[in-house]
Amino acid sequence: MIENVYIVSLLALSVVLFATGALLLFLNVNDDPKLTAYRRASRVVAFTYIFFGLINILECLERQTSNSYDNALLFRIVTLVIASAQAFSFMFAMVVLVNTNYMTRKRAWQEFSVVPAFIAIGIVSYLVLDERATSVFAYVYIAFYFSQLIRYTLTFRKLYRRCISEMENWFSENEEDRLRWIYFSFHFALGIGLVALVFAIFPYALFGLITSLACLVFYVFFAIRFVNYVFVFNILEDVITEEPDTDNNDSSPEQLDNKTVAFLKRRISKWIAAKHYCVPGVTIKDLAYYLGTNTKYLSRYINDYEGKSFRNWIGALRIEEAQRMMRENPSCKIDTVIEAIGYANKSVFMLQFAKQTNMTPREWKISNIPLKKDF
């Protein structure tokens with residue numbers, strides 16, 4: 001019964017893979033040079049979808065014409081081939097989404113030379129070697145695949161944390177929320193990869209069915225979000241197109257000298273006096289343009305001398321302005337204050353206010369303003 005359901009799930013998954021693969025393959029992306037890596041990733045994912053769809057069809061045919069338990073070794077090798085290739089292709093795509101410059105040709109080919117080698121050896125070993133030798137290789141392949149998952153997880157999490165940190169030092173709003181789906185997708189794919197690992201060790205139809213159903217959900221979700229990502233790229237591009245850190249080189253600027261610090265402090269004071277921090281969506285790039293400096297030195301100054309990330313620094317300035325407005329005009333409505341200081345919505349303001357004061361605006365007014373009028 002489970003075997004039949006598994007075969008049906010493979011057929012359904014194949015249809016979805018062929019359809020979404022064709023969609024990604026013919027995805028029309030503009031010629032912006034900064035989208036080169038995205039276009040390359042879309043082709044990798046498209047061919048991955050189509051390839052896996054074909055493999056699933058072949059597995060369906062094989063399972064219908066033979067006893068799956070007699071061919072456990074074959075299905076173990078096939079599972080490892082699919083899972084290993086899937087891990088590489090989605091790692092490639094998701095890394096590109098958080099840093100377009102990280103997956104260089106050199107890095108891609110270094111990894112691409114290893115994964116196909118194991119895939120080729122796995123296929124050849126099944127066709128040429130005896131069952132015992134192939135079985136030994138299958139367990140070697142399992143160990144390699146497990147190490148592959150570990151390496152990819154460590155690399156992705158490092159790059160994702162770096163990207164989130166860069167966003168906090170670039171935007172005044174929570175733009176990293178636009179990347180949450182990538183974090184979720186990676187760990188969803190990792191979960192599928194671990195289930196596939198179990199399936200490779202214990203090649204029973206039940207584990208295959210779980211893997212197939214999870215893939216069905218994941219592939220559709222990822223394709224939709226991947227296609228939509230291009231529409232928010234222009235907002236995030238200044239961060240995700242940053243050159244990556246190398247192993248032996250910190251891209252941060254050297255310690256700022258006293259002259260530079262004095263210059264930045266003087267110019268920033270004028271910027272604050274003009275209340276430019278209240279401009280909705282202000283970024284560190286806007287401030288750097290106003291000061292006539294670069295974002296690296298400016299970010300270093302704010303982190304070291306203000307003791308905050310750019311977003312938290314802007315947030316503190318805005319909350320101070322909100323407090324000033326409430327002191328001078330206690331009857332001023334909260335919505336008016338929020339609009340004046342540049343926040344997009346009330347919930348963000350309330351969170352930032354509580355973060356800065358450990359109180360709600362109402363509680364702060366009661367504690368700090370003699371005329372205790374409500375909003």
# chains A, B, ... in the order shown; residues from 1 in each chain; ligands from 1

$ closest_atom_pairs --of "segment 7-43 of chain A" --to "segment 76-98 of chain A" --cutoff "12 Å" --atoms "only C-alpha atoms" --output "tab-separated table"
residue	atom	partner	partner_atom	distance
A:Lys34	CA	A:Val96	CA	11.1
A:Leu35	CA	A:Val96	CA	9.8
A:Thr36	CA	A:Val96	CA	10.0
A:Ala37	CA	A:Val96	CA	6.4
A:Tyr38	CA	A:Val96	CA	6.5
A:Arg39	CA	A:Ala93	CA	9.9
A:Arg40	CA	A:Ala93	CA	8.6
A:Ala41	CA	A:Ala93	CA	5.0
A:Ser42	CA	A:Ala93	CA	7.3
A:Arg43	CA	A:Ala93	CA	9.5

$ write_last_selection --atoms "N, CA, C and O atoms" --output "PDB file, in the first residue's frame"
ATOM      1  N   LYS A  34      24.154  43.348 -11.996  1.00  0.00           N
ATOM      2  CA  LYS A  34      24.123  42.858 -10.625  1.00  0.00           C
ATOM      3  C   LYS A  34      23.226  41.629 -10.466  1.00  0.00           C
ATOM      4  O   LYS A  34      23.273  40.956  -9.437  1.00  0.00           O
ATOM      5  N   LEU A  35      22.399  41.359 -11.478  1.00  0.00           N
ATOM      6  CA  LEU A  35      21.528  40.188 -11.434  1.00  0.00           C
ATOM      7  C   LEU A  35      22.133  38.987 -12.161  1.00  0.00           C
ATOM      8  O   LEU A  35      21.461  37.973 -12.342  1.00  0.00           O
ATOM      9  N   THR A  36      23.385  39.116 -12.575  1.00  0.00           N
ATOM     10  CA  THR A  36      24.033  38.011 -13.296  1.00  0.00           C
ATOM     11  C   THR A  36      24.034  36.734 -12.474  1.00  0.00           C
ATOM     12  O   THR A  36      23.701  35.645 -12.976  1.00  0.00           O
ATOM     13  N   ALA A  37      24.410  36.834 -11.216  1.00  0.00           N
ATOM     14  CA  ALA A  37      24.453  35.656 -10.352  1.00  0.00           C
ATOM     15  C   ALA A  37      23.051  35.085 -10.146  1.00  0.00           C
ATOM     16  O   ALA A  37      22.875  33.866 -10.095  1.00  0.00           O
ATOM     17  N   TYR A  38      22.066  35.961 -10.042  1.00  0.00           N
ATOM     18  CA  TYR A  38      20.678  35.502  -9.878  1.00  0.00           C
ATOM     19  C   TYR A  38      20.220  34.736 -11.115  1.00  0.00           C
ATOM     20  O   TYR A  38      19.575  33.683 -11.002  1.00  0.00           O
ATOM     21  N   ARG A  39      20.554  35.259 -12.300  1.00  0.00           N
ATOM     22  CA  ARG A  39      20.175  34.564 -13.537  1.00  0.00           C
ATOM     23  C   ARG A  39      20.853  33.196 -13.608  1.00  0.00           C
ATOM     24  O   ARG A  39      20.250  32.202 -14.022  1.00  0.00           O
ATOM     25  N   ARG A  40      22.121  33.151 -13.206  1.00  0.00           N
ATOM     26  CA  ARG A  40      22.851  31.882 -13.214  1.00  0.00           C
ATOM     27  C   ARG A  40      22.214  30.895 -12.229  1.00  0.00           C
ATOM     28  O   ARG A  40      22.047  29.706 -12.547  1.00  0.00           O
ATOM     29  N   ALA A  41      21.846  31.404 -11.061  1.00  0.00           N
ATOM     30  CA  ALA A  41      21.217  30.546 -10.059  1.00  0.00           C
ATOM     31  C   ALA A  41      19.865  30.032 -10.534  1.00  0.00           C
ATOM     32  O   ALA A  41      19.505  28.876 -10.279  1.00  0.00           O
ATOM     33  N   SER A  42      19.113  30.869 -11.239  1.00  0.00           N
ATOM     34  CA  SER A  42      17.796  30.440 -11.736  1.00  0.00           C
ATOM     35  C   SER A  42      17.941  29.307 -12.738  1.00  0.00           C
ATOM     36  O   SER A  42      17.123  28.370 -12.759  1.00  0.00           O
ATOM     37  N   ARG A  43      18.991  29.357 -13.565  1.00  0.00           N
ATOM     38  CA  ARG A  43      19.212  28.271 -14.524  1.00  0.00           C
ATOM     39  C   ARG A  43      19.620  26.983 -13.804  1.00  0.00           C
ATOM     40  O   ARG A  43      19.185  25.885 -14.180  1.00  0.00           O
TER      41      ARG A  43
END

$ residues_around --residues "Glu168 of chain A" --least-positions-apart "6" --cutoff "10 Å" --atoms "only C-alpha atoms" --output "MDAnalysis selection string"
chainID A and resid 162 174:176 283:284 308:312

$ residues_around --residues "Arg178 of chain A" --least-positions-apart "6" --cutoff "9 Å" --atoms "only C-alpha atoms" --output "list in words"
Tyr229, Val232 and Leu236 of chain A

$ write_last_selection --atoms "all heavy atoms" --output "short mmCIF file (atom, residue, chain, number, x, y, z; two decimals), in the first residue's frame"
data_model
loop_
_atom_site.label_atom_id
_atom_site.label_comp_id
_atom_site.auth_asym_id
_atom_site.auth_seq_id
_atom_site.Cartn_x
_atom_site.Cartn_y
_atom_site.Cartn_z
N TYR A 229 11.53 37.08 -5.73
CA TYR A 229 12.68 37.73 -5.11
C TYR A 229 13.26 38.84 -5.98
O TYR A 229 13.74 39.86 -5.47
CB TYR A 229 13.76 36.70 -4.81
CG TYR A 229 14.97 37.24 -4.10
CD1 TYR A 229 14.94 37.46 -2.72
CD2 TYR A 229 16.15 37.52 -4.78
CE1 TYR A 229 16.06 37.94 -2.06
CE2 TYR A 229 17.27 38.00 -4.12
CZ TYR A 229 17.21 38.21 -2.76
OH TYR A 229 18.31 38.70 -2.10
N VAL A 232 12.23 42.48 -5.28
CA VAL A 232 12.73 43.23 -4.12
C VAL A 232 14.24 43.37 -4.15
O VAL A 232 14.83 43.97 -3.26
CB VAL A 232 12.30 42.56 -2.79
CG1 VAL A 232 10.79 42.47 -2.69
CG2 VAL A 232 12.92 41.17 -2.64
N LEU A 236 17.50 45.55 -1.83
CA LEU A 236 18.53 44.87 -1.04
C LEU A 236 19.90 44.84 -1.70
O LEU A 236 20.88 44.44 -1.08
CB LEU A 236 18.10 43.42 -0.75
CG LEU A 236 16.70 43.23 -0.17
CD1 LEU A 236 16.41 41.74 -0.03
CD2 LEU A 236 16.57 43.92 1.17
#

$ atom_distance --atom1 "atom CA of Pro370 of chain A" --atom2 "atom CA of His276 of chain A"
29.8 Å

$ residues_around --residues "segment 122-129 of chain A" --least-positions-apart "3" --cutoff "10 Å" --atoms "only C-alpha atoms" --output "MDAnalysis selection string"
chainID A and resid 73:74 76:78 80:81 116:119 132:138 140:141

$ write_last_selection --atoms "C-alpha atoms" --output "short mmCIF file (atom, residue, chain, number, x, y, z; two decimals), in the first residue's frame"
data_model
loop_
_atom_site.label_atom_id
_atom_site.label_comp_id
_atom_site.auth_asym_id
_atom_site.auth_seq_id
_atom_site.Cartn_x
_atom_site.Cartn_y
_atom_site.Cartn_z
CA LEU A 73 21.05 -0.95 -3.05
CA LEU A 74 19.99 0.68 -6.33
CA ARG A 76 20.12 3.83 -1.97
CA ILE A 77 22.54 4.96 -4.70
CA VAL A 78 19.77 6.84 -6.56
CA LEU A 80 22.24 9.67 -2.61
CA VAL A 81 22.75 10.94 -6.16
CA PRO A 116 29.60 14.93 -9.76
CA ALA A 117 32.62 12.74 -9.06
CA PHE A 118 30.74 10.95 -6.29
CA ILE A 119 27.63 10.77 -8.45
CA ARG A 132 29.46 -5.97 -1.55
CA ALA A 133 31.86 -3.39 -3.05
CA THR A 134 28.97 -1.20 -4.12
CA SER A 135 27.44 -1.43 -0.67
CA VAL A 136 30.72 -0.29 0.89
CA PHE A 137 30.90 2.63 -1.49
CA ALA A 138 27.29 3.54 -0.69
CA VAL A 140 31.24 6.05 1.96
CA TYR A 141 28.86 8.16 -0.13
#

$ select_by_dssp --residues "segment 133-369 of chain A" --states "strand (DSSP E or B)" --output "NGL selection string"
:A and (171 or 246 or 249 or 283)

$ write_last_selection --atoms "all heavy atoms" --output "CSV table (one decimal), in the first residue's frame"
chain,number,residue,atom,x,y,z
A,171,PHE,N,20.2,49.7,6.7
A,171,PHE,CA,18.8,50.2,6.6
A,171,PHE,C,18.4,50.7,8.0
A,171,PHE,O,18.8,50.2,9.0
A,171,PHE,CB,17.9,49.1,6.1
A,171,PHE,CG,18.2,48.6,4.8
A,171,PHE,CD1,18.8,47.4,4.6
A,171,PHE,CD2,17.8,49.4,3.6
A,171,PHE,CE1,19.1,46.9,3.3
A,171,PHE,CE2,18.1,48.9,2.4
A,171,PHE,CZ,18.7,47.7,2.2
A,246,THR,N,37.3,37.5,2.8
A,246,THR,CA,38.1,36.4,2.5
A,246,THR,C,38.6,35.8,3.8
A,246,THR,O,38.4,36.4,4.9
A,246,THR,CB,39.3,36.8,1.6
A,246,THR,OG1,40.1,37.8,2.4
A,246,THR,CG2,38.9,37.4,0.3
A,249,ASN,N,41.5,38.2,5.2
A,249,ASN,CA,41.4,39.7,5.0
A,249,ASN,C,40.0,40.2,5.5
A,249,ASN,O,39.0,39.8,5.1
A,249,ASN,CB,41.5,40.0,3.5
A,249,ASN,CG,41.5,41.5,3.3
A,249,ASN,OD1,41.9,42.3,4.1
A,249,ASN,ND2,40.9,41.9,2.2
A,283,THR,N,18.9,55.5,4.7
A,283,THR,CA,19.9,54.4,4.8
A,283,THR,C,21.2,55.1,5.1
A,283,THR,O,21.4,56.3,5.0
A,283,THR,CB,20.0,53.6,3.4
A,283,THR,OG1,20.5,54.5,2.4
A,283,THR,CG2,18.7,53.1,3.0

$ residues_around --residues "segment 2-11 of chain A" --least-positions-apart "3" --cutoff "9 Å" --atoms "only C-alpha atoms" --output "PDB file with C-alpha atoms, in the first residue's frame"
ATOM      1  CA  SER A  14       7.633  14.866 -11.316  1.00  0.00           C
ATOM      2  CA  VAL A  15       4.774  16.874 -12.826  1.00  0.00           C
ATOM      3  CA  VAL A  16       5.414  19.728 -10.389  1.00  0.00           C
ATOM      4  CA  GLY A  53      11.648  15.190 -12.392  1.00  0.00           C
ATOM      5  CA  ASN A  56      11.630  10.416 -10.329  1.00  0.00           C
ATOM      6  CA  ILE A  57       9.971   9.124 -13.501  1.00  0.00           C
ATOM      7  CA  GLU A  59      12.447   5.491 -10.304  1.00  0.00           C
ATOM      8  CA  CYS A  60       8.686   5.023 -10.762  1.00  0.00           C
ATOM      9  CA  LEU A  61       9.289   2.769 -13.759  1.00  0.00           C
ATOM     10  CA  ARG A  63       9.722   0.293  -8.836  1.00  0.00           C
ATOM     11  CA  GLN A  64       6.797  -0.901 -10.947  1.00  0.00           C
ATOM     12  CA  SER A  68      11.966  -2.588  -4.278  1.00  0.00           C
ATOM     13  CA  TYR A 204      11.941   1.750   2.774  1.00  0.00           C
ATOM     14  CA  ALA A 205       8.975   3.198   0.932  1.00  0.00           C
ATOM     15  CA  LEU A 206       7.662   5.023   4.038  1.00  0.00           C
ATOM     16  CA  GLY A 208      10.652   7.765   0.545  1.00  0.00           C
ATOM     17  CA  LEU A 209       7.020   8.859   0.777  1.00  0.00           C
ATOM     18  CA  ILE A 210       7.836  11.369   3.527  1.00  0.00           C
ATOM     19  CA  SER A 212       8.590  12.944  -1.676  1.00  0.00           C
ATOM     20  CA  LEU A 213       5.716  14.806   0.015  1.00  0.00           C
ATOM     21  CA  LEU A 216       6.472  18.522  -3.256  1.00  0.00           C
TER      22      LEU A 216
END

$ closest_residue --among "A:Ala19, A:Ala46, A:Leu194, A:Cys163" --to "Arg180 of chain A" --atoms "only C-alpha atoms"
A:Cys163

$ select_by_dssp --residues "segment 115-304 of chain A" --states "alpha helix (DSSP H)" --output "ChimeraX atom specification"
/A:115-128,131-168,180-201,205-229,233-240,258-273,284-291,295-304

$ residues_around --residues "segment 317-321 of chain A" --least-positions-apart "6" --cutoff "12 Å" --atoms "only C-alpha atoms" --output "MDAnalysis selection string"
chainID A and resid 172 269 271:280 282 306 308 310:311 327:328 337:343 348:357 359:361 364

$ write_last_selection --atoms "N, CA and C atoms" --output "short mmCIF file (atom, residue, chain, number, x, y, z; two decimals), in the first residue's frame"
data_model
loop_
_atom_site.label_atom_id
_atom_site.label_comp_id
_atom_site.auth_asym_id
_atom_site.auth_seq_id
_atom_site.Cartn_x
_atom_site.Cartn_y
_atom_site.Cartn_z
N SER A 172 17.43 51.69 7.95
CA SER A 172 16.80 52.14 9.18
C SER A 172 15.54 51.33 9.48
N SER A 269 26.48 65.95 13.41
CA SER A 269 25.73 66.85 14.28
C SER A 269 24.82 67.76 13.45
N TRP A 271 23.67 67.02 10.47
CA TRP A 271 22.65 66.15 9.89
C TRP A 271 21.53 65.88 10.89
N ILE A 272 21.93 65.66 12.15
CA ILE A 272 20.95 65.41 13.20
C ILE A 272 20.13 66.66 13.47
N ALA A 273 20.79 67.82 13.49
CA ALA A 273 20.09 69.08 13.74
C ALA A 273 19.02 69.34 12.68
N ALA A 274 19.30 68.92 11.46
CA ALA A 274 18.33 69.09 10.37
C ALA A 274 17.26 68.00 10.38
N LYS A 275 17.36 67.06 11.30
CA LYS A 275 16.38 65.98 11.49
C LYS A 275 16.21 65.11 10.24
N HIS A 276 17.31 64.89 9.56
CA HIS A 276 17.24 64.02 8.38
C HIS A 276 16.99 62.56 8.77
N TYR A 277 17.24 62.22 10.04
CA TYR A 277 16.99 60.86 10.50
C TYR A 277 15.50 60.52 10.50
N CYS A 278 14.66 61.55 10.39
CA CYS A 278 13.21 61.33 10.36
C CYS A 278 12.69 61.03 8.96
N VAL A 279 13.56 61.06 7.98
CA VAL A 279 13.14 60.73 6.61
C VAL A 279 12.83 59.23 6.55
N PRO A 280 11.63 58.83 6.12
CA PRO A 280 11.29 57.41 6.05
C PRO A 280 12.25 56.64 5.15
N VAL A 282 15.43 56.07 5.43
CA VAL A 282 16.79 56.58 5.30
C VAL A 282 17.80 55.45 5.48
N GLU A 306 29.33 55.47 18.51
CA GLU A 306 27.97 55.58 19.00
C GLU A 306 27.56 54.31 19.75
N LYS A 308 26.38 51.54 18.58
CA LYS A 308 25.14 50.94 18.08
C LYS A 308 25.28 50.60 16.61
N PHE A 310 23.64 50.96 12.81
CA PHE A 310 23.00 52.11 12.19
C PHE A 310 21.50 52.15 12.52
N ARG A 311 20.82 51.00 12.43
CA ARG A 311 19.38 50.98 12.68
C ARG A 311 19.06 51.38 14.12
N ARG A 327 6.63 65.88 24.97
CA ARG A 327 6.80 66.84 26.06
C ARG A 327 6.24 68.21 25.69
N GLU A 328 6.55 68.65 24.47
CA GLU A 328 6.13 69.98 24.04
C GLU A 328 4.64 70.06 23.72
N VAL A 337 2.88 61.60 15.80
CA VAL A 337 4.28 61.45 16.22
C VAL A 337 4.98 60.42 15.34
N ILE A 338 4.32 59.31 15.13
CA ILE A 338 4.90 58.22 14.33
C ILE A 338 5.21 58.70 12.92
N GLU A 339 4.27 59.39 12.32
CA GLU A 339 4.48 59.89 10.95
C GLU A 339 5.60 60.91 10.90
N ALA A 340 5.70 61.76 11.93
CA ALA A 340 6.70 62.83 11.94
C ALA A 340 8.11 62.30 12.08
N ILE A 341 8.29 61.18 12.79
CA ILE A 341 9.65 60.67 13.01
C ILE A 341 10.07 59.61 11.99
N GLY A 342 9.18 59.30 11.05
CA GLY A 342 9.60 58.47 9.91
C GLY A 342 9.35 56.98 9.99
N TYR A 343 8.57 56.54 10.98
CA TYR A 343 8.27 55.11 11.05
C TYR A 343 7.11 54.76 10.13
N VAL A 348 6.12 48.94 14.70
CA VAL A 348 7.58 49.13 14.71
C VAL A 348 7.96 50.21 15.72
N PHE A 349 7.19 51.30 15.74
CA PHE A 349 7.45 52.39 16.69
C PHE A 349 7.32 51.89 18.13
N MET A 350 6.26 51.14 18.40
CA MET A 350 6.03 50.66 19.76
C MET A 350 7.16 49.75 20.22
N LEU A 351 7.64 48.89 19.33
CA LEU A 351 8.74 48.00 19.68
C LEU A 351 10.02 48.78 19.95
N GLN A 352 10.31 49.78 19.10
CA GLN A 352 11.51 50.57 19.28
C GLN A 352 11.42 51.43 20.54
N PHE A 353 10.24 51.97 20.81
CA PHE A 353 10.05 52.80 22.01
C PHE A 353 10.28 51.96 23.26
N ALA A 354 9.71 50.75 23.28
CA ALA A 354 9.88 49.87 24.43
C ALA A 354 11.35 49.45 24.58
N LYS A 355 12.03 49.25 23.46
CA LYS A 355 13.44 48.87 23.49
C LYS A 355 14.29 49.97 24.10
N GLN A 356 13.96 51.22 23.79
CA GLN A 356 14.76 52.35 24.26
C GLN A 356 14.43 52.75 25.70
N THR A 357 13.16 52.58 26.11
CA THR A 357 12.72 53.12 27.40
C THR A 357 12.21 52.08 28.39
N MET A 359 9.35 51.07 28.44
CA MET A 359 7.99 51.49 28.72
C MET A 359 7.22 51.68 27.41
N THR A 360 5.90 51.66 27.52
CA THR A 360 5.08 52.03 26.38
C THR A 360 5.01 53.56 26.34
N PRO A 361 4.63 54.17 25.21
CA PRO A 361 4.49 55.63 25.16
C PRO A 361 3.55 56.16 26.24
N TRP A 364 5.36 56.10 29.52
CA TRP A 364 6.41 57.13 29.54
C TRP A 364 5.80 58.50 29.78
#

$ atom_distance --atom1 "atom CA of Val230 of chain A" --atom2 "atom CA of Tyr49 of chain A"
19.2 Å

$ closest_residue --among "A:Val45, A:Ile366, A:Val115, A:Leu54" --to "Leu25 of chain A" --atoms "only C-alpha atoms"
A:Val45
